[in-house]
2 protein chains.
Amino acid sequence: MKFGIAVFPSKEIQDLANSYRKRYDPHYSLIQPHLTIREKEDWSEEQLRHTIPKLERAAEALAPFTIHFNRFSSFYPVNNVVYMALSDTEPMKRLYETICSEELAEVKRAYSYTPHLTIGQEMNSDELHDVLASVKAKPLDLSSRIDRFHLLYQTENGAWTAHQSFLLRG
Amino acid sequence: MKFGIAVFPSKEIQDLANSYRKRYDPHYSLIQPHLTIREKEDWSEEQLRHTIPKLERAAEALAPFTIHFNRFSSFYPVNNVVYMALSDTEPMKRLYETICSEELAEVKRAYSYTPHLTIGQEMNSDELHDVLASVKAKPLDLSSRIDRFHLLYQTENGAWTAHQSFLLRG
């Protein structure tokens, strides 16, 4: 079964993100707006059992923090993703590094971890430039308290189901 | 913000349910297949804070259990819902009664609690009878271990985000 780990920002930020995702993100109906912590991976029942205590330890080691979205950006030309970007990526990177270590180290990751909230993807380059020109002109100044992360699994239709939440207690 | 409480059955059951929901349930893209424990309700931040310890106590008082879906059924003519029905509703009713008590008692509930997994709704009566005739001829014999429940909240587009999971520890 495919498992992934993500953080959901506040409802206010999700609502804004969904107003773009509805038009520009084919994953709109598969998962709510999120920041991916760990990409999806096939885990056996045994891997899942081994992983839960690791995630609990990570949650105990980390304190809640605030993230601040201050602009729209893109990974173009690496890929045609438009996203809401953070003024300071360090707290999310620490969350990533604490969770994705030891048995959860991401050995196949192609790029360094860049926390982001996708609002558009799988566009052709013309669409991407239109969207990017439109959103780059818009101010963005929204913060969200991050005090938990979620382990999710994917059903056959590509949608994600909540499996377990982990509250940051550090 | 609107909060609700639900249980997700195993991925196998979700996959089967989604194969029907895709065609017959307009809520298909808003939430994964589930059994509702508590209908959505507007909660303030303060109500949310007060409710979490209550949900933790409920989870501590309840032991994991198995549910068994043995047939398709409908609430027609009360409403045009088609659902997967349980051979024994008692364990889910106990879960409901333990969670939806005291400050979480459902004062406005119009019907007695009947645990079910909706696979079709908001159909006209002709559609309902067609679907029901088709699914009633199909055997259903699937079980799922229930060892947790989930507190979810709704964004403006009607979709649900995971807030917190509660593991049954009784």
# chains A, B, ... in the order shown; residues from 1 in each chain; ligands from 1
$ interface_residues --of "chain A" --to "chain B" --cutoff "8 Å" --atoms "only C-alpha atoms" --output "count of residues only"
20
$ residues_around --residues "B:Lys136" --least-positions-apart "6" --cutoff "12 Å" --atoms "only C-alpha atoms" --output "list in words"
Asn70, Arg71, Phe72, Ser73, Ser74, Val82, Tyr83, Met84, Ala85, Leu128, His129 and Asp130 of chain B
$ residues_around --residues "B:Ser44" --least-positions-apart "4" --cutoff "10 Å" --atoms "only C-alpha atoms" --output "list in words"
Met1, Lys2, Phe3, Leu48, Arg49 and His50 of chain B
$ residues_around --residues "stretch 89-104 of chain B" --least-positions-apart "5" --cutoff "8 Å" --atoms "only C-alpha atoms" --output "PyMOL selection string"
chain B and resi 37-38+51+54-55+58+62+65+67+113-115
$ atom_distance --atom1 "atom CA of A:Asn80" --atom2 "atom CA of A:Lys138"
19.3 Å
$ closest_residue --among "B:Val107, B:Leu117, B:Ala17, B:Val78" --to "B:Thr36" --atoms "only C-alpha atoms"
B:Leu117
$ select_by_dssp --residues "stretch 65-124 of chain A" --states "strand (DSSP E)" --output "list in words"
Phe65, Thr66, Ile67, His68, Phe69, Asn70, Arg71, Phe72, Ser73, Ser74, Val82, Tyr83, Met84, Ala85, Leu86, Leu117, Thr118, Ile119 and Gly120 of chain A
$ closest_residue --among "B:Pro26, B:Gly170, B:His116, B:Phe69" --to "B:Ala6" --atoms "only C-alpha atoms"
B:His116
$ select_by_dssp --residues "stretch 33-157 of chain A" --states "helix (DSSP H, G or I)" --output "JSON, numbers by chain"
{"A": [45, 46, 47, 48, 49, 50, 51, 52, 53, 54, 55, 56, 57, 58, 59, 60, 61, 90, 91, 92, 93, 94, 95, 96, 97, 98, 99, 102, 103, 104, 125, 126, 127, 128, 129, 130, 131, 132, 133, 134, 135, 136]}
$ atom_distance --atom1 "atom CA of A:Glu106" --atom2 "atom CA of A:Gly158"
21.4 Å
$ atom_distance --atom1 "atom CA of A:Glu46" --atom2 "atom CA of B:His68"
24.1 Å
$ closest_residue --among "A:Ile146, A:Ala137, A:Leu168, A:Ile119" --to "A:His27" --atoms "only C-alpha atoms"
A:Ile119
$ closest_residue --among "B:Ser87, B:Ser125, B:Gln47, B:Thr66" --to "B:Asp141" --atoms "only C-alpha atoms"
B:Ser87
$ decode --residues "stretch 119-156 of chain A" --atoms "C-alpha atoms" --output "compact mmCIF listing (two decimals), in the first residue's frame"
# COMPACT_ATOMS: atom_id res chain seq x y z
CA ILE A 119 -1.39 25.16 -6.59
CA GLY A 120 -0.81 24.11 -10.20
CA GLN A 121 0.94 21.25 -12.00
CA GLU A 122 1.00 19.16 -15.19
CA MET A 123 0.45 22.33 -17.25
CA ASN A 124 2.10 22.92 -20.59
CA SER A 125 4.67 25.73 -20.62
CA ASP A 126 2.28 28.30 -22.14
CA GLU A 127 -0.30 27.68 -19.43
CA LEU A 128 2.39 27.77 -16.77
CA HIS A 129 3.64 31.16 -17.88
CA ASP A 130 0.09 32.57 -18.02
CA VAL A 131 -0.70 31.34 -14.52
CA LEU A 132 2.64 32.44 -13.15
CA ALA A 133 2.31 35.94 -14.64
CA SER A 134 -1.14 36.20 -13.07
CA VAL A 135 -0.26 34.99 -9.55
CA LYS A 136 3.13 36.70 -9.34
CA ALA A 137 1.29 40.03 -9.44
CA LYS A 138 -0.73 39.06 -6.36
CA PRO A 139 0.40 39.80 -2.82
CA LEU A 140 0.65 36.78 -0.52
CA ASP A 141 1.05 37.19 3.22
CA LEU A 142 -0.47 34.28 5.16
CA SER A 143 0.81 32.34 8.15
CA SER A 144 -0.13 28.96 9.56
CA ARG A 145 0.75 27.22 12.80
CA ILE A 146 2.14 23.73 12.15
CA ASP A 147 1.64 21.51 15.19
CA ARG A 148 1.11 18.09 13.57
CA PHE A 149 1.84 15.95 10.54
CA HIS A 150 -0.19 13.20 8.92
CA LEU A 151 0.52 9.74 7.62
CA LEU A 152 -1.79 9.05 4.66
CA TYR A 153 -2.36 6.14 2.30
CA GLN A 154 -3.57 6.04 -1.25
CA THR A 155 -6.54 4.13 -2.63
CA GLU A 156 -6.67 2.73 -6.18
